[in-house]
>>> print(open('final-v4.cif').read())   # mmCIF, C-alpha atoms and all ligand atoms
data_target
#
loop_
_atom_site.label_atom_id
_atom_site.label_comp_id
_atom_site.auth_asym_id
_atom_site.auth_seq_id
_atom_site.Cartn_x
_atom_site.Cartn_y
_atom_site.Cartn_z
CA MET A 1 2.30 -21.45 21.03
CA ARG A 2 -0.21 -21.35 18.11
CA VAL A 3 -0.21 -17.87 16.58
CA ALA A 4 -2.86 -16.47 14.21
CA ALA A 5 -2.86 -13.07 12.55
CA HIS A 6 -5.22 -10.83 10.65
CA THR A 7 -4.00 -7.74 8.80
CA LEU A 8 -5.95 -4.70 7.72
CA GLY A 9 -4.87 -1.79 5.59
CA CYS A 10 -1.83 -1.16 3.47
CA LYS A 11 1.01 -3.21 2.01
CA LEU A 12 3.26 -1.96 4.75
CA ASN A 13 1.04 -3.59 7.37
CA PHE A 14 1.08 -6.84 5.40
CA ALA A 15 4.88 -6.76 5.20
CA GLU A 16 5.12 -6.08 8.92
CA THR A 17 2.70 -8.88 9.89
CA SER A 18 4.55 -11.32 7.67
CA HIS A 19 7.85 -10.28 9.23
CA LEU A 20 6.45 -10.67 12.74
CA LEU A 21 5.05 -14.14 11.99
CA ARG A 22 8.36 -15.22 10.50
CA ARG A 23 10.05 -14.27 13.76
CA PHE A 24 7.46 -16.29 15.76
CA THR A 25 8.10 -19.30 13.48
CA GLU A 26 11.88 -18.97 13.87
CA ALA A 27 11.37 -18.95 17.64
CA GLY A 28 9.59 -22.33 17.43
CA HIS A 29 5.93 -21.24 17.46
CA THR A 30 3.32 -22.45 14.97
CA VAL A 31 1.44 -20.11 12.69
CA VAL A 32 -2.20 -21.13 12.10
CA GLY A 33 -5.06 -19.60 10.06
CA PHE A 34 -6.94 -16.72 11.64
CA HIS A 35 -10.14 -18.75 11.91
CA SER A 36 -8.41 -21.64 13.73
CA GLU A 37 -8.03 -22.07 17.47
CA ALA A 38 -4.87 -20.23 18.53
CA ASP A 39 -3.12 -19.19 21.75
CA LEU A 40 -2.28 -15.75 20.44
CA TYR A 41 -4.28 -13.71 17.95
CA ILE A 42 -2.58 -10.70 16.39
CA ILE A 43 -4.68 -8.03 14.71
CA ASN A 44 -2.50 -5.54 12.82
CA THR A 45 -4.83 -2.58 12.45
CA CYS A 46 -5.48 0.37 10.15
CA THR A 47 -6.93 3.79 10.80
CA VAL A 48 -7.07 5.20 7.28
CA THR A 49 -10.89 5.39 7.11
CA ALA A 50 -13.85 4.85 9.43
CA ILE A 51 -14.62 1.64 7.49
CA ALA A 52 -11.10 0.34 8.15
CA GLU A 53 -11.58 0.95 11.88
CA ARG A 54 -14.93 -0.86 11.82
CA LYS A 55 -13.24 -3.86 10.17
CA CYS A 56 -10.58 -3.78 12.92
CA ARG A 57 -13.22 -3.92 15.65
CA THR A 58 -14.96 -6.83 13.87
CA ALA A 59 -11.69 -8.78 13.60
CA ILE A 60 -10.87 -8.16 17.26
CA ARG A 61 -14.29 -9.46 18.36
CA GLN A 62 -13.91 -12.50 16.09
CA ALA A 63 -10.58 -13.32 17.73
CA THR A 64 -11.94 -13.02 21.25
CA ARG A 65 -14.77 -15.44 20.34
CA LEU A 66 -12.53 -17.99 18.58
CA ASN A 67 -10.73 -18.83 21.80
CA PRO A 68 -11.81 -16.89 24.90
CA ASN A 69 -8.64 -18.05 26.71
CA ALA A 70 -6.26 -16.78 24.07
CA GLN A 71 -4.13 -13.65 24.23
CA VAL A 72 -5.46 -11.04 21.79
CA ALA A 73 -2.88 -8.51 20.65
CA VAL A 74 -4.11 -5.40 18.86
CA ILE A 75 -1.20 -3.66 17.19
CA GLY A 76 -0.55 -0.94 14.59
CA CYS A 77 -2.19 2.33 13.57
CA PHE A 78 -5.63 1.99 15.21
CA ALA A 79 -3.92 0.79 18.39
CA GLN A 80 -1.62 3.80 18.27
CA ASN A 81 -4.33 6.43 17.71
CA GLU A 82 -7.40 5.02 19.46
CA ARG A 83 -6.07 3.05 22.35
CA SER A 84 -8.88 3.95 24.76
CA GLN A 85 -11.52 2.60 22.33
CA ILE A 86 -9.70 -0.73 22.13
CA GLU A 87 -9.35 -0.98 25.90
CA GLN A 88 -13.17 -1.08 26.07
CA ILE A 89 -13.34 -4.29 24.00
CA PRO A 90 -13.53 -7.30 26.35
CA GLY A 91 -10.92 -9.98 25.73
CA VAL A 92 -8.15 -7.72 24.40
CA THR A 93 -5.03 -8.47 26.40
CA ILE A 94 -2.30 -6.56 24.55
CA ILE A 95 -2.31 -3.17 22.82
CA LEU A 96 0.86 -2.10 21.05
CA GLY A 97 1.21 1.04 18.96
CA ASN A 98 3.49 1.31 15.94
CA ASP A 99 6.43 2.24 18.13
CA GLN A 100 6.28 -1.07 20.02
CA LYS A 101 4.65 -3.67 17.79
CA HIS A 102 7.95 -5.10 16.51
CA ARG A 103 8.65 -6.15 20.14
CA LEU A 104 5.54 -8.35 20.38
CA LEU A 105 7.44 -11.65 20.35
CA GLU A 106 9.80 -10.59 23.14
CA LEU A 107 6.97 -9.11 25.18
CA VAL A 108 4.67 -12.12 24.88
CA THR A 109 7.32 -14.74 25.53
CA GLY A 110 9.58 -12.82 27.90
CA HIS A 111 7.44 -10.65 30.13
CA PRO A 112 3.82 -11.79 29.82
CA SER A 113 2.80 -9.78 32.86
CA GLN A 114 3.97 -6.51 31.31
CA VAL A 115 2.43 -6.82 27.90
CA THR A 116 -0.59 -4.60 28.12
CA GLY A 117 -0.31 -1.00 27.22
CA HIS A 118 2.98 -0.31 25.52
CA SER A 119 2.74 2.80 23.43
CA SER A 120 4.51 6.12 23.51
CA GLN A 121 4.18 9.36 21.59
CA ILE A 122 4.80 8.23 18.03
CA SER A 123 6.16 11.68 17.13
CA ASP A 124 9.15 10.93 19.37
CA HIS A 125 9.87 7.72 17.52
CA TRP A 126 12.79 7.82 15.08
CA GLU A 127 13.72 4.14 14.96
CA PHE A 128 13.22 2.28 11.66
CA SER A 129 12.10 -1.36 11.88
CA PRO A 130 12.85 -3.28 8.69
CA ALA A 131 10.31 -5.81 7.38
CA TYR A 132 9.46 -7.82 4.31
CA SER A 133 6.64 -10.18 3.47
CA ALA A 134 7.17 -13.74 2.28
CA ASN A 135 3.66 -15.06 1.74
CA ASP A 136 4.00 -15.84 -1.91
CA ARG A 137 7.42 -17.11 -2.88
CA THR A 138 7.29 -15.19 -6.17
CA ARG A 139 6.64 -11.65 -4.90
CA THR A 140 7.76 -9.82 -1.76
CA PHE A 141 6.80 -6.49 -0.21
CA LEU A 142 9.92 -4.84 1.16
CA LYS A 143 9.54 -1.97 3.61
CA ILE A 144 12.11 0.71 2.84
CA GLN A 145 10.53 3.70 4.60
CA ASP A 146 8.04 4.49 7.36
CA GLY A 147 6.12 7.54 8.61
CA CYS A 148 5.34 10.82 6.89
CA ASP A 149 6.12 14.52 7.41
CA TYR A 150 3.43 15.84 5.04
CA PHE A 151 0.36 16.10 7.30
CA CYS A 152 -2.26 16.25 4.54
CA THR A 153 -5.33 17.66 6.26
CA TYR A 154 -7.49 14.52 5.87
CA CYS A 155 -4.86 11.99 6.95
CA ALA A 156 -4.27 10.41 10.35
CA ILE A 157 -1.31 8.31 9.21
CA PRO A 158 1.47 10.70 10.37
CA LEU A 159 -0.18 10.64 13.80
CA ALA A 160 -0.19 6.83 13.77
CA ARG A 161 3.19 6.17 12.18
CA GLY A 162 5.26 9.20 13.10
CA ARG A 163 7.86 11.16 11.12
CA SER A 164 9.46 9.97 7.91
CA ARG A 165 12.39 7.63 8.45
CA SER A 166 14.01 4.95 6.34
CA ALA A 167 16.50 2.14 6.05
CA THR A 168 19.89 2.93 4.51
CA ILE A 169 20.68 2.01 0.92
CA GLU A 170 23.12 -0.65 2.18
CA GLU A 171 20.43 -2.22 4.40
CA VAL A 172 17.85 -2.34 1.59
CA VAL A 173 20.33 -3.78 -0.91
CA SER A 174 21.34 -6.44 1.57
CA MET A 175 17.67 -7.37 2.18
CA ALA A 176 17.13 -7.54 -1.60
CA HIS A 177 20.02 -10.04 -1.87
CA LYS A 178 18.47 -12.09 0.95
CA ILE A 179 15.08 -12.07 -0.76
CA GLY A 180 16.73 -13.07 -4.04
CA GLN A 181 18.45 -15.99 -2.31
CA SER A 182 15.04 -17.14 -0.98
CA GLY A 183 13.91 -17.51 -4.61
CA ALA A 184 11.46 -14.61 -4.92
CA LYS A 185 11.69 -12.89 -8.30
CA GLU A 186 9.83 -9.65 -7.64
CA ILE A 187 10.12 -6.97 -4.95
CA VAL A 188 7.56 -4.25 -4.31
CA LEU A 189 9.25 -1.31 -2.55
CA THR A 190 6.88 -0.23 0.18
CA GLY A 191 6.55 2.70 2.57
CA VAL A 192 4.12 5.30 3.87
CA ASN A 193 5.60 8.10 1.74
CA THR A 194 8.10 6.01 -0.19
CA GLY A 195 9.57 8.88 -2.20
CA THR A 196 10.82 10.54 0.99
CA PHE A 197 13.29 7.66 1.40
CA GLY A 198 16.54 9.12 2.71
CA LEU A 199 15.02 12.48 3.68
CA HIS A 200 16.72 12.49 7.06
CA THR A 201 19.76 10.34 6.25
CA GLY A 202 21.10 12.35 3.33
CA GLU A 203 20.64 9.50 0.83
CA ARG A 204 18.61 9.76 -2.37
CA PHE A 205 15.74 7.55 -3.52
CA ILE A 206 17.10 7.50 -7.08
CA ASP A 207 20.45 6.19 -5.80
CA LEU A 208 18.59 3.38 -4.02
CA LEU A 209 16.83 2.45 -7.27
CA ARG A 210 20.15 2.41 -9.16
CA ARG A 211 21.77 0.12 -6.60
CA LEU A 212 18.77 -2.24 -6.50
CA ASP A 213 18.77 -2.53 -10.28
CA GLU A 214 22.21 -4.14 -9.97
CA VAL A 215 20.92 -6.99 -7.75
CA GLU A 216 20.75 -9.62 -10.50
CA SER A 217 18.85 -12.22 -8.48
CA ILE A 218 15.78 -9.94 -8.48
CA ALA A 219 14.08 -9.93 -11.89
CA ARG A 220 11.49 -7.22 -11.25
CA TYR A 221 10.83 -4.26 -8.96
CA ARG A 222 7.74 -2.12 -8.50
CA ILE A 223 7.43 1.05 -6.44
CA SER A 224 4.23 0.57 -4.45
CA SER A 225 3.20 4.24 -4.40
CA ILE A 226 4.95 7.56 -4.87
CA GLU A 227 3.75 11.14 -4.43
CA PRO A 228 3.48 13.14 -7.68
CA ASN A 229 5.87 15.84 -6.48
CA LEU A 230 8.51 13.18 -5.71
CA ILE A 231 8.46 11.21 -8.95
CA ASP A 232 10.62 13.51 -10.99
CA GLU A 233 11.98 13.19 -14.51
CA GLU A 234 15.18 11.56 -13.24
CA ILE A 235 13.19 8.70 -11.67
CA ILE A 236 10.94 8.35 -14.72
CA ASP A 237 13.92 8.34 -17.14
CA PHE A 238 15.71 5.81 -14.96
CA THR A 239 12.69 3.48 -14.84
CA ALA A 240 12.22 3.72 -18.61
CA GLN A 241 15.70 2.34 -19.29
CA SER A 242 16.36 0.22 -16.19
CA ARG A 243 16.94 -3.53 -16.20
CA ALA A 244 14.29 -4.48 -13.65
CA PHE A 245 12.03 -1.54 -12.64
CA LEU A 246 8.63 -2.09 -14.22
CA PRO A 247 6.35 0.29 -16.15
CA HIS A 248 3.79 0.38 -13.35
CA PHE A 249 3.10 3.36 -11.11
CA HIS A 250 0.72 4.22 -8.31
CA ILE A 251 0.59 8.01 -7.98
CA PRO A 252 -1.95 9.42 -5.50
CA LEU A 253 -4.02 12.27 -6.96
CA GLN A 254 -6.76 12.68 -4.29
CA ALA A 255 -8.53 15.49 -6.22
CA GLY A 256 -8.43 16.91 -9.73
CA SER A 257 -9.34 20.40 -8.55
CA ASP A 258 -6.71 22.88 -7.35
CA ASN A 259 -9.15 24.30 -4.79
CA VAL A 260 -9.53 20.91 -3.16
CA LEU A 261 -5.82 20.07 -3.38
CA ARG A 262 -5.14 23.30 -1.48
CA LEU A 263 -7.70 22.39 1.19
CA MET A 264 -5.99 19.02 1.49
CA HIS A 265 -2.52 20.67 1.81
CA ARG A 266 -1.17 18.44 -0.94
CA HIS A 267 2.30 19.27 -2.26
CA TYR A 268 1.39 19.76 -5.96
CA ASP A 269 -1.27 21.16 -8.24
CA THR A 270 -3.12 19.59 -11.14
CA ALA A 271 -0.66 21.07 -13.68
CA LEU A 272 2.26 19.25 -12.07
CA TYR A 273 0.28 16.01 -11.78
CA ARG A 274 -0.68 16.17 -15.46
CA GLU A 275 2.90 16.90 -16.49
CA ARG A 276 4.25 13.85 -14.59
CA ILE A 277 1.60 11.46 -15.97
CA GLU A 278 2.10 12.67 -19.52
CA TYR A 279 5.86 12.36 -19.21
CA ILE A 280 5.56 8.76 -17.97
CA LYS A 281 3.32 7.90 -20.90
CA GLN A 282 5.70 9.62 -23.30
CA ARG A 283 8.64 7.54 -22.02
CA MET A 284 6.65 4.32 -21.40
CA PRO A 285 3.49 4.29 -23.55
CA ASP A 286 2.27 0.96 -22.14
CA ALA A 287 2.79 1.90 -18.47
CA CYS A 288 -0.01 1.18 -16.04
CA ILE A 289 -0.72 4.21 -13.84
CA ALA A 290 -3.15 3.98 -10.92
CA ALA A 291 -4.28 6.95 -8.85
CA ASP A 292 -5.89 7.26 -5.41
CA ILE A 293 -8.78 9.68 -5.27
CA ILE A 294 -11.02 10.90 -2.45
CA ALA A 295 -14.73 11.49 -3.14
CA GLY A 296 -16.68 14.10 -1.19
CA PHE A 297 -13.96 15.85 0.79
CA ASN A 298 -15.28 18.61 3.03
CA GLY A 299 -15.29 21.91 1.14
CA GLU A 300 -15.51 20.11 -2.25
CA SER A 301 -18.20 21.97 -4.22
CA GLU A 302 -20.21 20.53 -7.10
CA GLU A 303 -18.02 22.56 -9.44
CA ASP A 304 -14.81 21.20 -7.84
CA PHE A 305 -16.09 17.66 -8.25
CA GLU A 306 -17.00 18.21 -11.91
CA GLU A 307 -13.47 19.54 -12.39
CA THR A 308 -12.04 16.38 -10.79
CA LYS A 309 -14.11 14.18 -13.08
CA ARG A 310 -13.01 16.08 -16.19
CA PHE A 311 -9.40 15.97 -15.03
CA VAL A 312 -9.26 12.21 -14.53
CA GLU A 313 -11.30 11.49 -17.64
CA ASN A 314 -8.79 13.40 -19.77
CA LEU A 315 -5.65 11.90 -18.25
CA PRO A 316 -4.12 8.59 -19.39
CA LEU A 317 -4.66 6.91 -16.01
CA SER A 318 -5.29 3.15 -16.08
CA TYR A 319 -7.65 2.99 -13.09
CA LEU A 320 -8.52 4.70 -9.79
CA HIS A 321 -8.54 3.62 -6.16
CA VAL A 322 -11.60 5.50 -4.94
CA PHE A 323 -12.06 6.37 -1.25
CA THR A 324 -15.25 7.91 0.10
CA TYR A 325 -14.11 10.67 2.43
CA SER A 326 -14.57 9.99 6.14
CA GLU A 327 -13.46 12.38 8.87
CA ARG A 328 -10.51 11.10 10.87
CA PRO A 329 -10.14 12.13 14.50
CA HIS A 330 -7.39 14.67 15.30
CA THR A 331 -6.96 15.81 11.66
CA ALA A 332 -6.99 19.42 10.43
CA ALA A 333 -9.79 18.73 7.92
CA LEU A 334 -12.27 18.41 10.81
CA LYS A 335 -12.41 22.22 10.81
CA LEU A 336 -13.26 22.49 7.10
CA THR A 337 -16.73 23.59 6.09
CA PRO A 338 -19.14 23.00 4.55
CA ARG A 339 -19.18 19.31 5.36
CA THR A 340 -20.17 17.24 2.36
CA ASP A 341 -23.38 15.34 2.91
CA MET A 342 -22.78 11.57 3.28
CA HIS A 343 -25.30 10.77 0.55
CA LEU A 344 -23.41 13.10 -1.84
CA ARG A 345 -20.06 11.56 -0.89
CA ARG A 346 -21.39 8.12 -1.84
CA GLN A 347 -22.88 9.41 -5.10
CA ARG A 348 -19.57 11.01 -6.07
CA SER A 349 -17.71 7.87 -5.12
CA GLN A 350 -20.00 5.84 -7.37
CA GLN A 351 -19.39 8.18 -10.29
CA LEU A 352 -15.62 7.87 -9.84
CA HIS A 353 -15.90 4.07 -9.68
CA THR A 354 -17.74 4.14 -13.01
CA ILE A 355 -15.00 6.28 -14.56
CA SER A 356 -12.38 3.91 -13.15
CA GLU A 357 -14.04 0.85 -14.69
CA ARG A 358 -14.16 2.59 -18.06
CA LYS A 359 -10.50 3.56 -17.80
CA MET A 360 -9.50 0.02 -16.84
CA ALA A 361 -11.42 -1.40 -19.81
CA ASP A 362 -9.73 1.12 -22.15
CA PHE A 363 -6.30 0.30 -20.75
CA VAL A 364 -6.84 -3.44 -21.18
CA GLU A 365 -8.19 -2.90 -24.70
CA SER A 366 -5.05 -0.92 -25.58
CA GLN A 367 -2.91 -3.91 -24.58
CA LEU A 368 -4.69 -6.61 -26.63
CA GLY A 369 -2.32 -8.34 -29.02
CA LYS A 370 0.80 -7.01 -27.27
CA ARG A 371 3.50 -9.28 -25.87
CA ARG A 372 4.21 -8.63 -22.18
CA ALA A 373 6.42 -10.34 -19.61
CA VAL A 374 4.42 -12.29 -16.99
CA LEU A 375 5.66 -13.57 -13.63
CA TRP A 376 3.65 -16.73 -12.93
CA GLU A 377 2.51 -17.35 -9.37
CA SER A 378 2.73 -20.71 -7.68
CA SER A 379 -0.87 -21.29 -6.59
CA ARG A 380 -3.42 -23.27 -8.59
CA HIS A 381 -7.17 -22.54 -8.83
CA ALA A 382 -9.58 -24.79 -10.70
CA GLY A 383 -6.82 -26.07 -12.99
CA GLU A 384 -5.50 -22.60 -13.79
CA MET A 385 -2.59 -20.42 -12.71
CA TYR A 386 -2.27 -16.64 -12.63
CA GLY A 387 0.39 -14.04 -13.12
CA LEU A 388 0.92 -10.30 -13.54
CA THR A 389 2.34 -8.62 -16.58
CA ASP A 390 5.09 -6.06 -16.10
CA ASN A 391 2.37 -3.41 -16.59
CA TYR A 392 0.11 -4.97 -13.97
CA ILE A 393 -2.51 -6.84 -15.96
CA ARG A 394 -3.64 -10.09 -14.39
CA VAL A 395 -3.54 -13.05 -16.79
CA ARG A 396 -4.32 -16.74 -16.56
CA GLN A 397 -3.43 -19.97 -18.29
CA ASN A 398 -3.79 -23.72 -17.71
CA TYR A 399 -1.80 -24.84 -14.68
CA ALA A 400 1.76 -25.80 -15.61
CA PRO A 401 3.90 -26.28 -12.48
CA GLU A 402 7.18 -25.73 -14.35
CA LEU A 403 6.10 -22.15 -15.12
CA SER A 404 5.57 -21.17 -11.51
CA ASN A 405 7.98 -18.41 -10.40
CA THR A 406 9.26 -17.89 -13.93
CA VAL A 407 8.86 -14.94 -16.26
CA THR A 408 7.57 -15.68 -19.77
CA GLU A 409 6.36 -13.52 -22.65
CA VAL A 410 2.63 -13.76 -23.33
CA THR A 411 0.48 -12.31 -26.09
CA LEU A 412 -2.46 -10.60 -24.37
CA SER A 413 -5.93 -11.57 -25.54
CA LYS A 414 -9.51 -11.40 -24.29
CA GLU A 415 -9.17 -15.08 -23.33
CA ASN A 416 -6.12 -14.79 -21.07
CA ILE A 417 -6.74 -11.41 -19.42
CA VAL A 418 -8.55 -11.46 -16.07
CA ILE A 419 -10.74 -8.36 -16.17
CA GLY A 420 -10.97 -6.02 -13.20
CA ALA A 421 -8.47 -3.81 -11.41
CA PRO A 422 -5.85 -5.79 -9.49
CA THR A 423 -6.78 -5.54 -5.85
CA ASP A 424 -3.46 -4.65 -4.26
S1 LIG A 501 1.50 11.99 2.06
FE1 LIG A 501 -0.39 12.79 2.96
S2 LIG A 501 -1.87 11.12 2.60
FE2 LIG A 501 0.16 10.20 2.38
S3 LIG A 501 0.64 9.40 4.43
FE3 LIG A 501 1.55 11.47 4.28
S4 LIG A 501 -0.03 12.78 5.19
FE4 LIG A 501 -1.04 10.84 4.68
#
>>> encode(input="final-v4.cif", output="C-alpha cells", more="lines below")
Ligand code: SF4
Amino acid sequence: MRVAAHTLGCKLNFAETSHLLRRFTEAGHTVVGFHSEADLYIINTCTVTAIAERKCRTAIRQATRLNPNAQVAVIGCFAQNERSQIEQIPGVTIILGNDQKHRLLELVTGHPSQVTGHSSQISDHWEFSPAYSANDRTRTFLKIQDGCDYFCTYCAIPLARGRSRSATIEEVVSMAHKIGQSGAKEIVLTGVNTGTFGLHTGERFIDLLRRLDEVESIARYRISSIEPNLIDEEIIDFTAQSRAFLPHFHIPLQAGSDNVLRLMHRHYDTALYRERIEYIKQRMPDACIAADIIAGFNGESEEDFEETKRFVENLPLSYLHVFTYSERPHTAALKLTPRTDMHLRRQRSQQLHTISERKMADFVESQLGKRRAVLWESSRHAGEMYGLTDNYIRVRQNYAPELSNTVTEVTLSKENIVIGAPTD
C-alpha cells in the first residue's frame, strides 16, 4: 500500500505521524509524498485555532481529490472533537480520535470493514502511546507526555487529548538510547503539558532530566515547552550546569496582564513569570526564551493589552509566538464578555508581531561575535547547509558533507546568521 500523510499543529502531532509512518514502513508499505498518488492518505489534525481547523479541512479535500479511490483517514484532535463535521466531507473513509489513532495500521490492514468511526470519550483514556519522529537524522522529537489537566478557559486541547499521562523514566531513557543508536544527536522532549510529566505515576520531571543527561550518545536536549509554574529553580539550576540540556526555553505567557491571566485560568501571575525569566537569564545570560501570547482574548480591555505590551517589552524574551484569539467550541471562555472585536484582535496581534521582531533582532544582535555550538543538519540548499546553535539561532555555511550531524563551534556574525524566528 502507498501511504501519504499530512500533519497539522504541534510537535507532538509531528512525532506521532512520524511514528505511525515508521510502523507502516516496517510492515512493508511504502511512504510517498502527500501530493503523490497514494492508497491511503492520513491527515493528522489540530484543533488549536479556527485557522488550524480550516487548514485541516483543506488538506482533507486535497487528499480526496488526489485519488478518489483512496482511503482517507482523518485522525487526531479535530477528529476527536469535531467528528460530525468531518463526517460531512465526502471521501473521508476513516475517522479516528486521539484514543484510537495509534491503531490505524492494524485497523486498515486487519479489519478494513470496521475502520470508520472509532472514537471514545477521551476523558476516559489513560493509556500512553509512545512516539518519536525520525524525519531528520540529526534531531528527533520524543513524546514523553500527553494530555493536560489544566483546562485553561480558551483551550480545547484537554478535550481533544484527555488527562495528563506520561511514559515512565525507564521507558523514556530506553527510547533515548534507541534514538542515540540511530545516530541522531539531538532530542526535543515533547508533550502537551510537558512539565506535568510523572504527575500520576509518582515520578518527577527533574529526575527524568537527570537520567537523560547520562545518556552519552545524545549530545543535546531541548524541552519543547514548559509552563512557567512548572519550570522551577531546581530545573533551571540543573539546566545551567548539565552536560546536554541546552539554554533554550519555550515558556507560554499568553497575557502580560493579571486580569487576563485570571480570565484564562492560568496557573501563575505576571510576578511569577517575570521571576522565572529573570532567573533563567541570571543563570544563563545567552539563553533563548520564546513565549506564546494570545492577542485579543475576550474580556481583554485596551488597558490590559497595553499592560501586556509593556510587560513583554520589558522582559528579556527572545521572541514571541503570537496567536490571534479564536473561540474554540466547548471551552469556558465562550461565556466571557465583552467579546473582542475581530478587527481589534488582528490589530493587537500585529502590534505583538512587531514587538517580537524587534526582540528577535535585539537577541541576535546580542549574540554577534560570540562562539556557540552548532549542530549541522544533513540537507543541502543552493550549495549551503544549516544548523541551530545551542541557543536556537539558525546559521548557515557552505555545504560540507563531513560536517553534517556534527556539533562545531561557530563565531556568530551578520553573514552566517539566518534572520527570523525559527519556525518550530
Ligand atoms: S496548559 Fe492550558 S493551554 Fe496548555 S494544553 Fe493545558 S489547557 Fe491547553
>>> residues_around(input="final-v4.cif", residues="segment 233-236 of chain A", least_positions_apart="3", cutoff="7 Å", atoms="only C-alpha atoms", output="list in words")
Ile206, Thr239, Ala240 and Ile280 of chain A
>>> residues_near_ligand(input="final-v4.cif", ligand="ligand LIG 501 (chain A)", cutoff="7 Å", atoms="only C-alpha atoms and all ligand atoms", output="list in words")
Cys148, Asp149, Tyr150, Phe151, Cys152, Cys155, Ala156, Ile157, Pro158, Val192, Asn193, Glu227 and Arg266 of chain A
>>> residues_near_point(input="final-v4.cif", point="(10.6, 11.9, 7.1)", cutoff="7 Å", atoms="all atoms listed in the file", output="ChimeraX atom specification")
/A:147-149,163-165,196,199-200
>>> closest_residue(input="final-v4.cif", among="A:Ala52, A:Ala59, A:Val215, A:Leu8", to="Gln181 of chain A", atoms="all atoms listed in the file")
A:Val215
>>> residues_around(input="final-v4.cif", residues="Ser18 of chain A", least_positions_apart="3", cutoff="12 Å", atoms="all atoms listed in the file", output="list in words")
Ala4, Ala5, His6, Thr7, Lys11, Leu12, Asn13, Phe14, Ala15, Leu21, Arg22, Arg23, Phe24, Thr25, Val31, Ile42, Asn44, His102, Pro130, Ala131, Tyr132, Ser133, Ala134, Asn135, Asp136, Thr140, Phe141, Leu142 and Lys143 of chain A
>>> write_last_selection(input="final-v4.cif", atoms="C-alpha atoms", output="CSV table (one decimal), keeping the file's coordinate frame")
chain,number,residue,atom,x,y,z
A,4,ALA,CA,-2.9,-16.5,14.2
A,5,ALA,CA,-2.9,-13.1,12.6
A,6,HIS,CA,-5.2,-10.8,10.6
A,7,THR,CA,-4.0,-7.7,8.8
A,11,LYS,CA,1.0,-3.2,2.0
A,12,LEU,CA,3.3,-2.0,4.8
A,13,ASN,CA,1.0,-3.6,7.4
A,14,PHE,CA,1.1,-6.8,5.4
A,15,ALA,CA,4.9,-6.8,5.2
A,21,LEU,CA,5.0,-14.1,12.0
A,22,ARG,CA,8.4,-15.2,10.5
A,23,ARG,CA,10.0,-14.3,13.8
A,24,PHE,CA,7.5,-16.3,15.8
A,25,THR,CA,8.1,-19.3,13.5
A,31,VAL,CA,1.4,-20.1,12.7
A,42,ILE,CA,-2.6,-10.7,16.4
A,44,ASN,CA,-2.5,-5.5,12.8
A,102,HIS,CA,8.0,-5.1,16.5
A,130,PRO,CA,12.8,-3.3,8.7
A,131,ALA,CA,10.3,-5.8,7.4
A,132,TYR,CA,9.5,-7.8,4.3
A,133,SER,CA,6.6,-10.2,3.5
A,134,ALA,CA,7.2,-13.7,2.3
A,135,ASN,CA,3.7,-15.1,1.7
A,136,ASP,CA,4.0,-15.8,-1.9
A,140,THR,CA,7.8,-9.8,-1.8
A,141,PHE,CA,6.8,-6.5,-0.2
A,142,LEU,CA,9.9,-4.8,1.2
A,143,LYS,CA,9.5,-2.0,3.6
>>> residues_around(input="final-v4.cif", residues="Ala160 of chain A", least_positions_apart="4", cutoff="8 Å", atoms="all atoms listed in the file", output="ChimeraX atom specification")
/A:47,76-78,80-81,97-98,122,156
>>> residues_around(input="final-v4.cif", residues="Glu357 of chain A", least_positions_apart="2", cutoff="12 Å", atoms="all atoms listed in the file", output="PyMOL selection string")
chain A and resi 290+313+317-322+350-355+359-364+419-422
>>> atom_distance(input="final-v4.cif", atom1="atom CA of Pro338 of chain A", atom2="atom CA of Gln254 of chain A")
18.4 Å
>>> closest_residue(input="final-v4.cif", among="A:Tyr279, A:Tyr154, A:Phe238, A:Phe245", to="Lys335 of chain A", atoms="all atoms listed in the file")
A:Tyr154
>>> atom_distance(input="final-v4.cif", atom1="atom CA of Glu307 of chain A", atom2="atom CA of Leu263 of chain A")
15.0 Å
>>> atom_distance(input="final-v4.cif", atom1="atom CA of Asn398 of chain A", atom2="atom CA of Arg137 of chain A")
19.7 Å
>>> residues_around(input="final-v4.cif", residues="Glu302 of chain A", least_positions_apart="4", cutoff="12 Å", atoms="all atoms listed in the file", output="list in words")
Ser257, Asn259, Val260, Ala295, Gly296, Phe297, Asn298, Glu306, Glu307, Thr308, Lys309, Pro338, Thr340, Asp341, Leu344, Arg345, Gln347 and Arg348 of chain A
>>> closest_residue(input="final-v4.cif", among="A:Arg2, A:Arg396, A:Arg371, A:His343", to="Glu409 of chain A", atoms="all atoms listed in the file")
A:Arg371
>>> axis_aligned_box(input="final-v4.cif", around="segment 209-222 of chain A", padding_each_side="3 Å", output="AutoDock Vina command-line options")
--center_x 15.0 --center_y -4.9 --center_z -9.2 --size_x 20.5 --size_y 20.7 --size_z 11.4
>>> closest_atom_pairs(input="final-v4.cif", of="segment 130-234 of chain A", to="segment 374-395 of chain A", cutoff="12 Å", atoms="only C-alpha atoms", output="JSON lines")
{"residue": "A:Asn135", "atom": "CA", "partner": "A:Ser378", "partner_atom": "CA", "distance": 11.0}
{"residue": "A:Asp136", "atom": "CA", "partner": "A:Ser378", "partner_atom": "CA", "distance": 7.7}
{"residue": "A:Arg137", "atom": "CA", "partner": "A:Ser378", "partner_atom": "CA", "distance": 7.6}
{"residue": "A:Thr138", "atom": "CA", "partner": "A:Glu377", "partner_atom": "CA", "distance": 6.1}
{"residue": "A:Arg139", "atom": "CA", "partner": "A:Glu377", "partner_atom": "CA", "distance": 8.3}
{"residue": "A:Thr140", "atom": "CA", "partner": "A:Glu377", "partner_atom": "CA", "distance": 11.9}
{"residue": "A:Ala184", "atom": "CA", "partner": "A:Glu377", "partner_atom": "CA", "distance": 10.4}
{"residue": "A:Lys185", "atom": "CA", "partner": "A:Leu375", "partner_atom": "CA", "distance": 8.1}
{"residue": "A:Glu186", "atom": "CA", "partner": "A:Leu375", "partner_atom": "CA", "distance": 8.3}
{"residue": "A:Ile187", "atom": "CA", "partner": "A:Leu375", "partner_atom": "CA", "distance": 11.8}
{"residue": "A:Ile218", "atom": "CA", "partner": "A:Leu375", "partner_atom": "CA", "distance": 11.9}
{"residue": "A:Ala219", "atom": "CA", "partner": "A:Leu375", "partner_atom": "CA", "distance": 9.3}
{"residue": "A:Arg220", "atom": "CA", "partner": "A:Asp390", "partner_atom": "CA", "distance": 8.1}
{"residue": "A:Tyr221", "atom": "CA", "partner": "A:Asp390", "partner_atom": "CA", "distance": 9.3}
{"residue": "A:Arg222", "atom": "CA", "partner": "A:Asp390", "partner_atom": "CA", "distance": 9.0}
{"residue": "A:Ser224", "atom": "CA", "partner": "A:Tyr392", "partner_atom": "CA", "distance": 11.8}
